[in-house]
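> Following this line is target-v4.tsv, made up of TSV, C-alpha atoms and all ligand atoms:
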chain	number	residue	atom	x	y	z
A	1	MET	CA	134.98	97.06	114.44
A	2	GLU	CA	133.23	100.40	114.77
A	3	ALA	CA	129.66	100.45	113.50
A	4	PHE	CA	130.22	103.66	111.54
A	5	PRO	CA	133.95	104.07	111.04
A	6	VAL	CA	135.50	107.32	109.85
A	7	ARG	CA	136.81	106.51	106.40
A	8	SER	CA	138.05	108.55	103.44
A	9	ASP	CA	138.11	105.69	100.94
A	10	TRP	CA	134.42	105.85	100.02
A	11	ARG	CA	133.73	104.67	96.48
A	12	ARG	CA	131.39	106.71	94.27
A	13	ASP	CA	128.97	103.77	93.98
A	14	GLU	CA	128.82	103.36	97.78
A	15	VAL	CA	127.94	107.03	98.19
A	16	ALA	CA	125.27	106.75	95.48
A	17	ALA	CA	123.76	103.64	97.09
A	18	LEU	CA	123.66	105.35	100.47
A	19	TYR	CA	122.14	108.54	99.06
A	20	ARG	CA	119.39	106.54	97.31
A	21	ARG	CA	118.35	104.41	100.29
A	22	PRO	CA	114.75	104.55	101.49
A	23	LEU	CA	114.62	107.76	103.52
A	24	LEU	CA	113.61	106.31	106.88
A	25	GLU	CA	116.30	103.62	106.70
A	26	LEU	CA	118.84	106.29	105.88
A	27	ILE	CA	117.71	108.43	108.82
A	28	SER	CA	117.76	105.44	111.21
A	29	ASP	CA	121.41	104.76	110.39
A	30	ALA	CA	122.27	108.45	110.56
A	31	VAL	CA	120.83	108.56	114.10
A	32	VAL	CA	123.16	105.71	115.15
A	33	ALA	CA	126.19	107.25	113.42
A	34	HIS	CA	125.43	110.58	115.10
A	35	ARG	CA	125.24	109.05	118.59
A	36	GLN	CA	128.49	107.19	118.11
A	37	TYR	CA	130.52	110.41	117.91
A	38	HIS	CA	128.38	113.21	119.34
A	39	ARG	CA	126.19	113.86	122.38
A	40	PRO	CA	122.70	113.91	120.92
A	41	GLY	CA	120.95	117.16	121.68
A	42	GLU	CA	124.13	119.25	121.55
A	43	VAL	CA	124.03	121.77	118.72
A	44	GLN	CA	126.86	124.11	117.81
A	45	ALA	CA	125.76	127.75	117.52
A	46	CYS	CA	127.76	129.87	115.08
A	47	THR	CA	127.16	133.53	114.30
A	48	LEU	CA	128.05	135.08	110.96
A	49	LEU	CA	129.19	138.61	110.28
A	50	SER	CA	129.90	140.11	106.90
A	51	ILE	CA	133.08	142.08	107.53
A	52	LYS	CA	133.37	143.30	103.92
A	53	THR	CA	130.21	143.37	101.86
A	54	GLY	CA	129.53	143.38	98.12
A	55	GLY	CA	131.62	144.50	95.17
A	56	CYS	CA	133.09	141.01	94.66
A	57	PRO	CA	134.68	140.41	91.24
A	58	GLU	CA	133.62	136.73	91.12
A	59	ASP	CA	130.50	135.67	89.21
A	60	CYS	CA	128.98	133.05	91.57
A	61	ALA	CA	125.45	132.80	90.14
A	62	TYR	CA	123.77	132.58	93.54
A	63	CYS	CA	125.52	135.46	95.27
A	64	ALA	CA	124.10	138.81	96.38
A	65	GLN	CA	127.63	140.23	96.61
A	66	SER	CA	128.95	139.81	93.07
A	67	VAL	CA	129.63	143.13	91.36
A	68	ARG	CA	128.11	141.68	88.17
A	69	TYR	CA	124.53	141.57	89.39
A	70	GLN	CA	122.17	144.35	90.48
A	71	THR	CA	121.04	142.98	93.82
A	72	GLY	CA	120.66	146.18	95.80
A	73	VAL	CA	123.21	145.06	98.38
A	74	GLN	CA	124.92	147.99	100.07
A	75	VAL	CA	128.66	147.77	99.38
A	76	HIS	CA	130.74	148.23	102.52
A	77	ARG	CA	134.54	148.34	102.90
A	78	LEU	CA	136.25	146.26	105.56
A	79	LEU	CA	134.74	147.00	108.99
A	80	ASP	CA	136.78	148.45	111.83
A	81	VAL	CA	138.22	146.04	114.37
A	82	GLU	CA	136.13	147.55	117.20
A	83	ALA	CA	132.84	147.01	115.36
A	84	VAL	CA	133.70	143.36	114.73
A	85	VAL	CA	134.79	142.69	118.30
A	86	GLU	CA	131.59	144.30	119.60
A	87	ALA	CA	129.51	142.08	117.28
A	88	ALA	CA	131.44	139.04	118.53
A	89	ARG	CA	130.78	140.05	122.15
A	90	GLN	CA	127.06	140.30	121.40
A	91	ALA	CA	127.09	136.96	119.59
A	92	LYS	CA	128.73	135.36	122.63
A	93	ALA	CA	126.18	136.92	124.97
A	94	ALA	CA	123.42	135.51	122.74
A	95	GLY	CA	124.89	132.00	123.10
A	96	ALA	CA	127.16	131.58	120.07
A	97	THR	CA	130.43	129.70	120.56
A	98	ARG	CA	131.84	130.18	117.06
A	99	PHE	CA	132.12	133.52	115.29
A	100	CYS	CA	132.45	133.42	111.49
A	101	MET	CA	133.70	136.43	109.54
A	102	GLY	CA	132.90	136.60	105.82
A	103	ALA	CA	134.50	138.89	103.25
A	104	ALA	CA	133.33	139.35	99.66
A	105	TRP	CA	136.82	138.86	98.27
A	106	ARG	CA	137.97	136.69	95.37
A	107	GLU	CA	141.20	136.10	97.29
A	108	VAL	CA	143.17	137.50	100.19
A	109	ARG	CA	145.76	140.15	99.33
A	110	SER	CA	148.64	140.51	101.76
A	111	ASN	CA	147.99	144.17	102.57
A	112	ARG	CA	146.73	146.38	105.42
A	113	ASP	CA	143.22	144.92	105.15
A	114	PHE	CA	144.62	141.45	105.79
A	115	GLU	CA	146.59	142.78	108.77
A	116	ARG	CA	143.31	144.15	110.09
A	117	VAL	CA	141.61	140.76	109.66
A	118	LEU	CA	144.47	139.16	111.61
A	119	THR	CA	143.85	141.64	114.44
A	120	MET	CA	140.13	140.79	114.35
A	121	VAL	CA	140.97	137.09	114.61
A	122	ARG	CA	143.28	137.69	117.61
A	123	GLU	CA	140.73	139.82	119.44
A	124	VAL	CA	137.71	137.60	118.80
A	125	ARG	CA	139.71	134.54	119.85
A	126	ALA	CA	140.65	136.36	123.07
A	127	LEU	CA	136.92	136.47	123.93
A	128	GLY	CA	137.02	132.66	124.21
A	129	LEU	CA	135.17	132.09	120.97
A	130	GLU	CA	136.12	129.73	118.17
A	131	VAL	CA	136.92	131.90	115.16
A	132	CYS	CA	136.18	131.03	111.55
A	133	ALA	CA	136.85	133.12	108.46
A	134	THR	CA	135.76	132.90	104.84
A	135	LEU	CA	137.83	135.28	102.74
A	136	GLY	CA	138.15	133.57	99.35
A	137	MET	CA	141.35	132.01	98.04
A	138	LEU	CA	144.39	131.80	100.31
A	139	THR	CA	148.08	131.14	99.79
A	140	PRO	CA	149.88	128.77	102.18
A	141	LYS	CA	151.61	131.77	103.78
A	142	GLN	CA	148.33	133.59	104.42
A	143	ALA	CA	146.82	130.41	105.87
A	144	GLN	CA	149.80	130.18	108.21
A	145	ALA	CA	149.36	133.81	109.30
A	146	LEU	CA	145.68	133.16	110.07
A	147	LYS	CA	146.62	130.09	112.10
A	148	GLU	CA	149.21	132.06	114.06
A	149	ALA	CA	146.63	134.77	114.81
A	150	GLY	CA	144.44	132.08	116.43
A	151	LEU	CA	141.96	131.20	113.68
A	152	THR	CA	140.14	127.94	114.44
A	153	ALA	CA	138.61	127.12	111.05
A	154	TYR	CA	138.63	128.27	107.45
A	155	ASN	CA	135.38	128.12	105.47
A	156	HIS	CA	135.62	127.49	101.76
A	157	ASN	CA	132.67	125.68	100.20
A	158	LEU	CA	132.91	123.36	97.22
A	159	ASP	CA	129.27	124.28	96.59
A	160	THR	CA	128.50	121.52	94.04
A	161	SER	CA	130.10	118.78	91.92
A	162	ALA	CA	133.28	119.40	89.91
A	163	SER	CA	131.34	118.86	86.69
A	164	TYR	CA	128.49	121.29	87.52
A	165	TYR	CA	130.79	123.95	89.01
A	166	GLY	CA	131.38	125.73	85.68
A	167	LYS	CA	127.62	126.27	85.29
A	168	VAL	CA	127.57	128.27	88.52
A	169	ILE	CA	130.95	130.03	88.62
A	170	THR	CA	133.27	130.78	85.71
A	171	THR	CA	135.84	133.05	87.37
A	172	ARG	CA	137.68	130.27	89.25
A	173	THR	CA	137.98	126.50	89.08
A	174	TYR	CA	137.15	123.59	91.36
A	175	GLU	CA	140.89	122.92	91.46
A	176	ASP	CA	141.43	126.46	92.87
A	177	ARG	CA	138.93	125.63	95.62
A	178	LEU	CA	140.68	122.37	96.50
A	179	CYS	CA	144.09	124.15	96.57
A	180	THR	CA	142.86	126.69	99.14
A	181	LEU	CA	141.41	123.90	101.28
A	182	GLU	CA	144.80	122.16	101.11
A	183	ALA	CA	146.65	125.37	102.09
A	184	ALA	CA	144.36	125.81	105.10
A	185	ARG	CA	144.79	122.16	106.11
A	186	GLN	CA	148.58	122.31	105.78
A	187	ALA	CA	148.63	125.37	108.05
A	188	GLY	CA	146.87	123.35	110.76
A	189	LEU	CA	143.49	125.05	110.45
A	190	THR	CA	140.34	122.96	110.68
A	191	LEU	CA	138.18	123.03	107.58
A	192	CYS	CA	134.60	124.07	107.07
A	193	SER	CA	133.45	123.05	103.61
A	194	GLY	CA	130.12	122.04	102.18
A	195	GLY	CA	127.66	122.92	99.49
A	196	ILE	CA	124.41	124.41	98.32
A	197	LEU	CA	121.31	122.50	97.23
A	198	GLY	CA	119.11	124.14	94.62
A	199	LEU	CA	121.60	125.47	92.06
A	200	GLY	CA	119.85	123.45	89.34
A	201	GLU	CA	122.17	120.50	89.95
A	202	SER	CA	121.12	116.87	89.48
A	203	GLU	CA	121.08	114.08	92.03
A	204	GLU	CA	124.34	112.84	90.45
A	205	ASP	CA	125.93	116.21	91.21
A	206	ARG	CA	124.86	116.00	94.85
A	207	ILE	CA	126.32	112.52	95.09
A	208	ASP	CA	129.57	113.74	93.48
A	209	LEU	CA	129.80	116.65	95.93
A	210	LEU	CA	129.27	114.36	98.93
A	211	HIS	CA	131.80	111.90	97.50
A	212	THR	CA	134.41	114.65	97.07
A	213	LEU	CA	133.88	115.93	100.63
A	214	ALA	CA	133.92	112.42	102.13
A	215	THR	CA	137.18	111.50	100.38
A	216	LEU	CA	139.09	114.54	101.66
A	217	THR	CA	141.63	113.22	104.17
A	218	PRO	CA	140.86	114.06	106.90
A	219	HIS	CA	137.24	115.09	106.43
A	220	PRO	CA	136.31	118.77	106.88
A	221	GLU	CA	135.49	119.16	110.57
A	222	SER	CA	132.41	121.20	109.58
A	223	VAL	CA	130.17	120.55	106.62
A	224	PRO	CA	127.57	123.25	105.94
A	225	ILE	CA	124.57	122.16	103.92
A	226	ASN	CA	122.98	125.31	102.50
A	227	ALA	CA	119.64	125.60	100.72
A	228	ILE	CA	119.78	128.20	97.98
A	229	VAL	CA	118.48	131.58	99.10
A	230	PRO	CA	117.30	133.01	95.76
A	231	ILE	CA	118.53	136.59	95.43
A	232	PRO	CA	116.64	138.93	93.06
A	233	GLY	CA	118.98	140.21	90.37
A	234	THR	CA	121.21	137.10	90.28
A	235	PRO	CA	121.04	134.43	87.56
A	236	LEU	CA	119.58	132.08	90.19
A	237	GLU	CA	116.80	134.43	91.29
A	238	GLN	CA	114.20	131.90	90.09
A	239	ALA	CA	115.93	128.87	91.60
A	240	GLU	CA	113.66	126.42	93.36
A	241	PRO	CA	114.87	125.81	96.93
A	242	PRO	CA	115.20	122.12	97.83
A	243	SER	CA	112.39	120.39	99.68
A	244	VAL	CA	112.91	119.43	103.30
A	245	TRP	CA	113.20	115.80	102.13
A	246	GLU	CA	116.13	116.69	99.90
A	247	MET	CA	117.79	118.56	102.78
A	248	VAL	CA	117.23	115.64	105.16
A	249	ARG	CA	118.58	113.14	102.63
A	250	ALA	CA	121.75	115.18	102.08
A	251	ILE	CA	122.24	115.72	105.83
A	252	ALA	CA	121.73	112.04	106.70
A	253	THR	CA	124.08	110.90	103.93
A	254	ALA	CA	126.73	113.40	105.04
A	255	ARG	CA	126.30	112.25	108.67
A	256	ILE	CA	127.03	108.62	107.74
A	257	LEU	CA	129.87	109.46	105.34
A	258	MET	CA	131.60	111.86	107.76
A	259	PRO	CA	130.33	110.69	111.16
A	260	ARG	CA	132.80	112.69	113.26
A	261	SER	CA	132.18	116.02	111.48
A	262	LYS	CA	129.71	118.69	112.43
A	263	ILE	CA	126.97	118.87	109.83
A	264	ARG	CA	125.54	122.37	109.67
A	265	LEU	CA	121.96	123.12	108.69
A	266	ALA	CA	123.07	126.43	107.19
A	267	ALA	CA	121.34	128.90	104.82
A	268	GLY	CA	117.64	128.31	104.20
A	269	ARG	CA	116.84	127.21	107.78
A	270	GLU	CA	114.60	130.23	108.17
A	271	LYS	CA	112.17	128.69	105.67
A	272	LEU	CA	111.81	125.43	107.62
A	273	SER	CA	109.14	124.87	110.26
A	274	PRO	CA	110.14	123.64	113.75
A	275	THR	CA	108.98	120.14	112.73
A	276	GLU	CA	111.12	120.22	109.59
A	277	GLN	CA	114.14	121.46	111.52
A	278	ALA	CA	113.61	118.69	114.11
A	279	LEU	CA	113.81	116.17	111.29
A	280	CYS	CA	117.11	117.70	110.14
A	281	PHE	CA	118.54	117.46	113.69
A	282	LEU	CA	117.37	113.85	113.90
A	283	ALA	CA	119.06	113.12	110.57
A	284	GLY	CA	122.37	114.31	112.03
A	285	ALA	CA	122.58	118.08	111.73
A	286	ASN	CA	124.35	119.39	114.87
A	287	SER	CA	125.32	122.92	113.97
A	288	ILE	CA	123.40	126.04	112.97
A	289	PHE	CA	123.83	129.75	112.41
A	290	LEU	CA	122.33	131.74	115.25
A	291	GLY	CA	121.46	135.43	114.97
A	292	GLU	CA	119.33	137.85	112.98
A	293	LYS	CA	121.35	137.73	109.79
A	294	LEU	CA	123.49	135.44	107.66
A	295	LEU	CA	125.75	137.57	105.41
A	296	THR	CA	123.20	139.68	103.53
A	297	THR	CA	119.92	137.80	104.12
A	298	PRO	CA	117.81	137.25	107.25
A	299	ASN	CA	118.32	134.16	109.41
A	300	ALA	CA	115.85	132.39	111.73
A	301	PRO	CA	114.84	134.87	114.48
A	302	PRO	CA	116.69	134.33	117.81
A	303	SER	CA	113.41	134.16	119.80
A	304	ALA	CA	112.19	131.34	117.54
A	305	ASP	CA	115.51	129.53	117.99
A	306	GLN	CA	115.29	129.80	121.77
A	307	ALA	CA	111.77	128.33	121.62
A	308	LEU	CA	113.00	125.55	119.30
A	309	PHE	CA	115.89	124.65	121.66
A	310	ASP	CA	113.46	124.53	124.60
A	311	LEU	CA	110.89	122.49	122.68
A	312	LEU	CA	113.37	119.90	121.42
A	313	GLY	CA	115.56	119.83	124.53
A	314	LEU	CA	118.62	120.97	122.59
A	315	ARG	CA	121.69	122.35	124.35
A	316	PRO	CA	124.44	124.55	122.93
A	317	LEU	CA	127.71	122.71	122.27
A	318	PRO	CA	130.50	124.29	124.33
A	319	ALA	CA	133.32	126.06	122.45
A	320	PHE	CA	136.31	123.83	121.57
A	321	ALA	CA	134.40	120.68	122.58
A	322	ASP	CA	135.78	117.42	121.25
A	323	THR	CA	133.76	114.57	119.79
A	324	LEU	CA	133.08	111.52	122.02
A	325	PRO	CA	136.07	109.24	122.62
A	326	ALA	CA	136.22	106.40	120.07
B	401	LIG	N1	133.91	135.15	99.06
B	401	LIG	C1	134.18	134.01	99.83
B	401	LIG	C2	133.93	132.72	99.08
B	401	LIG	O1	133.18	132.70	98.14
B	401	LIG	O2	134.51	131.71	99.48
B	401	LIG	C3	133.43	133.96	101.14
B	401	LIG	C4	131.98	134.41	101.25
B	401	LIG	S1	130.81	133.44	100.32
B	401	LIG	C5	129.38	134.46	100.42
B	401	LIG	C6	130.52	132.02	101.34
B	401	LIG	C7	129.57	130.95	100.89
B	401	LIG	O3	128.23	131.35	101.13
B	401	LIG	C8	129.57	130.54	99.43
B	401	LIG	O4	130.60	129.66	99.13
B	401	LIG	C9	128.22	129.84	99.31
B	401	LIG	O5	128.36	128.46	99.59
B	401	LIG	C10	127.36	130.52	100.39
B	401	LIG	N2	126.29	131.33	99.79
B	401	LIG	C11	126.44	132.57	99.26
B	401	LIG	N3	125.28	133.03	98.76
B	401	LIG	C12	124.35	132.08	98.98
B	401	LIG	C13	122.96	131.96	98.70
B	401	LIG	N4	122.31	132.92	98.06
B	401	LIG	N5	122.32	130.83	99.06
B	401	LIG	C14	123.00	129.85	99.72
B	401	LIG	N6	124.31	129.89	100.01
B	401	LIG	C15	124.99	130.98	99.66
B	402	LIG	C1	128.03	128.75	104.61
B	402	LIG	O1	128.13	127.58	104.22
B	402	LIG	N1	126.94	129.48	104.51
B	402	LIG	C2	127.15	130.81	105.01
B	402	LIG	C3	128.63	130.77	105.49
B	402	LIG	N2	129.02	129.44	105.17
B	402	LIG	C4	129.60	131.77	105.01
B	402	LIG	C5	126.75	131.89	104.08
B	402	LIG	C6	125.30	131.83	103.67
B	402	LIG	C7	124.98	133.02	102.87
B	402	LIG	C8	123.53	133.11	102.54
B	402	LIG	C9	123.21	134.27	101.67
B	402	LIG	C10	123.49	135.62	102.24
B	402	LIG	O2	123.15	135.90	103.43
B	402	LIG	O3	123.99	136.48	101.50
B	403	LIG	FE1	132.30	136.68	95.83
B	403	LIG	FE2	132.13	134.68	97.59
B	403	LIG	FE3	129.90	135.85	96.58
B	403	LIG	FE4	131.38	134.31	95.02
B	403	LIG	S1	130.28	133.66	96.87
B	403	LIG	S2	130.54	136.35	94.47
B	403	LIG	S3	133.42	134.75	95.78
B	403	LIG	S4	131.41	136.80	97.89
Go ahead and express the file in the form of structure tokens.


Amino acid sequence: MEAFPVRSDWRRDEVAALYRRPLLELISDAVVAHRQYHRPGEVQACTLLSIKTGGCPEDCAYCAQSVRYQTGVQVHRLLDVEAVVEAARQAKAAGATRFCMGAAWREVRSNRDFERVLTMVREVRALGLEVCATLGMLTPKQAQALKEAGLTAYNHNLDTSASYYGKVITTRTYEDRLCTLEAARQAGLTLCSGGILGLGESEEDRIDLLHTLATLTPHPESVPINAIVPIPGTPLEQAEPPSVWEMVRAIATARILMPRSKIRLAAGREKLSPTEQALCFLAGANSIFLGEKLLTTPNAPPSADQALFDLLGLRPLPAFADTLPA
């Protein structure tokens, strides 16, 4: 019997009990679960690029790119293929192994812009990088086209619990989100799906979110845990970012629930000290965003990340690496 088996039949009460364990006990188990499936010290480095910025018709209360809020973000149409490939080349040279392209779209339309995204996927993949995209809702046919172009992963976050979702976003439903994840899965893409802490949700909502993610079959291969980055002009401009303890608790719980997945310490890392980030890695985070910028906000500076990797003895995870044999 494996110590920390991969299971998708987690009960809500089991997730709640895990989430509420004394923190150091939770971390100790997360350390063991992490080592069972991953080489400790290996951290996946992903770089994000916003390929189409702002002007999004959705009303996500946290987002700098919604057309409904005055956030000062410079709207930009879909970038040219050459600019994206050049950014991917630079990301690779800086040590990234996964390149993630984000578009401020409600959904993909099957038009010339989508054809251009497919070309971007083909060309970035040809550089030997894993390619991820986050483009909003997808149909099964679009998911298939992305897969055929060489996309590795599709990012589509559940963000929070099903019951709190309507407090954050009213222009689409949780069910819509789950349908897109299903379309991507059916097309053979790996999934990247996680959430945000600090939307004003309760502990129950965090437990619900983790329960939903951990009962997807199979689990998302990547689970980003974002801390809210409060954006002036959005309804969540005054949101209180989670404490490091809340981040660590969510990461450790996710690590035990989905032991084979990569848990990404995503947005909000810039605000954490090296000591706080070390605690997140110990608790099971093994993926980060590397580079100057996330989509519209600054990320941890590359020089600080290099120093952190040296200090903690972390190594970049190679592209397309598998987890440890069971
Ligand atoms: N439009 C697509 C969508 O919503 O799926 C893709 C881009 S969207 C910006 C990607 C994800 O970034 C969101 O689902 C959310 O989880 C995260 N995000 C956006 N703004 C954020 C913020 N201010 N703080 C933390 N996470 C954020
Ligand atoms: C994810 O979970 N977080 C990233 C990526 N996936 C697309 C986005 C974070 C965005 C932070 C706010 C911004 O830069 O606009
Ligand atoms: Fe649009 Fe995505 Fe931002 Fe929501 S999170 S407003 S869908 S870009």

> Can you work out which one of A:Thr217, A:Ile27, A:Ser287, A:His211 has the shortest atom-to-atom distance to A:Arg11, counting only C-alpha atoms?

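Distance minimum relative to A:Arg11 lands on A:His211.
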
> Atom CA of A:Val223 to atom CA of A:Ser261: how many Å, to one decimal?

6.9 Å

> Could you name the residues that touch A:Gly54 at 12 Å or less, counting all atoms listed in the file, but leaving out those on the same chain fewer than 5 positions away, as a list in words?

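Everything that qualifies: Asp59, Cys63, Ala64, Gln65, Ser66, Val67, Arg68, Tyr69, Gln70, Thr71, Gly72, Val73, Gln74, Val75, His76, Arg77, Leu78, Gly102, Ala103, Ala104, Trp105, Arg106, Leu295 and Thr296 of chain A.
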
> Which neighbours of A:Ala16 fall inside 12 Å, counting only C-alpha atoms, when residues of the same chain fewer than 5 positions from it are skipped, and could you give them as JSON, numbers by chain?

{"A": [10, 11, 21, 203, 204, 205, 206, 207, 208, 209, 210, 211, 249, 250, 253, 254, 257]}

> I'd like to know which of A:Asn111, A:Gln90, A:Thr152, A:Thr275 is closest to A:Gly291, using only C-alpha atoms.

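That would be A:Gln90, the residue with the smallest distance to A:Gly291.
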
> Hey, which residues sit close to ligand LIG 402 (chain B)? Say within 8 Å, counting all atoms listed in the file, and write them as a PyMOL selection string.

chain A and resi 48+63-65+100-102+134+155-157+192-196+223-226+228-229+264+266-268+293-299

> Atom C12 of ligand LIG 401 (chain B) and atom CA of A:Gly136, how far apart in Å?

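Result for atom CA of A:Gly136 versus atom C12 of ligand LIG 401 (chain B): 13.9 Å, one decimal.
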
> Using all atoms listed in the file, find all polymer residues with an atom at most 12 Å away from the point (145.7, 128.5, 115.2); report them as a PDB file with C-alpha atoms, keeping the file's coordinate frame.


ATOM      1  CA  LEU A 118     144.470 139.160 111.610  1.00  0.00           C
ATOM      2  CA  VAL A 121     140.970 137.090 114.610  1.00  0.00           C
ATOM      3  CA  ARG A 122     143.280 137.690 117.610  1.00  0.00           C
ATOM      4  CA  ARG A 125     139.710 134.540 119.850  1.00  0.00           C
ATOM      5  CA  GLU A 130     136.120 129.730 118.170  1.00  0.00           C
ATOM      6  CA  VAL A 131     136.920 131.900 115.160  1.00  0.00           C
ATOM      7  CA  CYS A 132     136.180 131.030 111.550  1.00  0.00           C
ATOM      8  CA  ALA A 143     146.820 130.410 105.870  1.00  0.00           C
ATOM      9  CA  GLN A 144     149.800 130.180 108.210  1.00  0.00           C
ATOM     10  CA  ALA A 145     149.360 133.810 109.300  1.00  0.00           C
ATOM     11  CA  LEU A 146     145.680 133.160 110.070  1.00  0.00           C
ATOM     12  CA  LYS A 147     146.620 130.090 112.100  1.00  0.00           C
ATOM     13  CA  GLU A 148     149.210 132.060 114.060  1.00  0.00           C
ATOM     14  CA  ALA A 149     146.630 134.770 114.810  1.00  0.00           C
ATOM     15  CA  GLY A 150     144.440 132.080 116.430  1.00  0.00           C
ATOM     16  CA  LEU A 151     141.960 131.200 113.680  1.00  0.00           C
ATOM     17  CA  THR A 152     140.140 127.940 114.440  1.00  0.00           C
ATOM     18  CA  ALA A 153     138.610 127.120 111.050  1.00  0.00           C
ATOM     19  CA  TYR A 154     138.630 128.270 107.450  1.00  0.00           C
ATOM     20  CA  ALA A 184     144.360 125.810 105.100  1.00  0.00           C
ATOM     21  CA  ARG A 185     144.790 122.160 106.110  1.00  0.00           C
ATOM     22  CA  GLN A 186     148.580 122.310 105.780  1.00  0.00           C
ATOM     23  CA  ALA A 187     148.630 125.370 108.050  1.00  0.00           C
ATOM     24  CA  GLY A 188     146.870 123.350 110.760  1.00  0.00           C
ATOM     25  CA  LEU A 189     143.490 125.050 110.450  1.00  0.00           C
ATOM     26  CA  THR A 190     140.340 122.960 110.680  1.00  0.00           C
TER      27      THR A 190
END

> What does the structure give for the distance between atom CA of A:Tyr19 and atom CA of A:Ala283, in Å to one decimal?

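Answer for the atom CA of A:Tyr19 to atom CA of A:Ala283 separation: 12.8 Å.
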
> Starting from 6 Å padding per side, set up an axis-aligned box that covers all listed atoms of ligand LIG 401 (chain B) and hand over centre and edge lengths in Å, one decimal, as lines of an AutoDock Vina configuration file.


center_x = 128.4
center_y = 131.8
center_z = 99.7
size_x = 24.2
size_y = 18.7
size_z = 15.3

> Would you please work out which residue, of A:Pro218, A:Pro22, A:Pro57, A:Pro230, is nearest to ligand LIG 403 (chain B) when using all atoms listed in the file?

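Of A:Pro218, A:Pro22, A:Pro57, A:Pro230, the one nearest ligand LIG 403 (chain B) is A:Pro57, counting all atoms listed in the file.
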
> So that I can see what lies close to A:Gly284, please list as a ChimeraX atom specification the residues with an atom at most 9 Å from it, counting all atoms listed in the file and leaving out residues fewer than 5 positions away in the same chain.

/A:27,30-31,33-35,40,248,251-256,259,262-264,279

> Please produce a file of those selected residues containing C-alpha atoms, as a short mmCIF file (atom, residue, chain, number, x, y, z; two decimals), in the coordinates of the input.


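In the end it all went to result.cif:
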data_model
loop_
_atom_site.label_atom_id
_atom_site.label_comp_id
_atom_site.auth_asym_id
_atom_site.auth_seq_id
_atom_site.Cartn_x
_atom_site.Cartn_y
_atom_site.Cartn_z
CA ILE A 27 117.71 108.43 108.82
CA ALA A 30 122.27 108.45 110.56
CA VAL A 31 120.83 108.56 114.10
CA ALA A 33 126.19 107.25 113.42
CA HIS A 34 125.43 110.58 115.10
CA ARG A 35 125.24 109.05 118.59
CA PRO A 40 122.70 113.91 120.92
CA VAL A 248 117.23 115.64 105.16
CA ILE A 251 122.24 115.72 105.83
CA ALA A 252 121.73 112.04 106.70
CA THR A 253 124.08 110.90 103.93
CA ALA A 254 126.73 113.40 105.04
CA ARG A 255 126.30 112.25 108.67
CA ILE A 256 127.03 108.62 107.74
CA PRO A 259 130.33 110.69 111.16
CA LYS A 262 129.71 118.69 112.43
CA ILE A 263 126.97 118.87 109.83
CA ARG A 264 125.54 122.37 109.67
CA LEU A 279 113.81 116.17 111.29
#

> Which one is closest to ligand LIG 403 (chain B): A:Phe99, A:Tyr62, A:Phe281, A:Phe320? Count all atoms listed in the file.

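Among A:Phe99, A:Tyr62, A:Phe281, A:Phe320, it is A:Tyr62 that comes nearest to ligand LIG 403 (chain B).
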
> Choose the residue, out of A:Arg12, A:Leu79, A:Trp245, A:Lys167, that has the smallest atom-to-atom separation from A:Thr119; count all atoms listed in the file.

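Checking each candidate against A:Thr119, we get A:Leu79 as the closest.
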
> Could you list, as a CSV table (one decimal) with C-alpha atoms, in the frame of the given file, every residue within 9 Å of A:Gly128, counting only C-alpha atoms and ignoring same-chain residues fewer than 4 positions away?


chain,number,residue,atom,x,y,z
A,92,LYS,CA,128.7,135.4,122.6
A,97,THR,CA,130.4,129.7,120.6
A,124,VAL,CA,137.7,137.6,118.8
A,319,ALA,CA,133.3,126.1,122.4

> Of the residues A:Gln44, A:Thr170, A:Thr180, A:Ser273, which is the one nearest to A:Glu107, using all atoms listed in the file?

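Ranking A:Gln44, A:Thr170, A:Thr180, A:Ser273 by distance to A:Glu107, first place goes to A:Thr180.
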
> Excluding A:Gly313 and its own-chain neighbours fewer than 2 positions away, which residues fall within 12 Å of it when counting all atoms listed in the file? Please give them as a list in words.

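These residues fall inside the cut-off: Pro40, Gly41, Glu42, Val43, Ala278, Phe281, Asp305, Gln306, Ala307, Leu308, Phe309, Asp310, Leu311, Arg315 and Pro316 of chain A.
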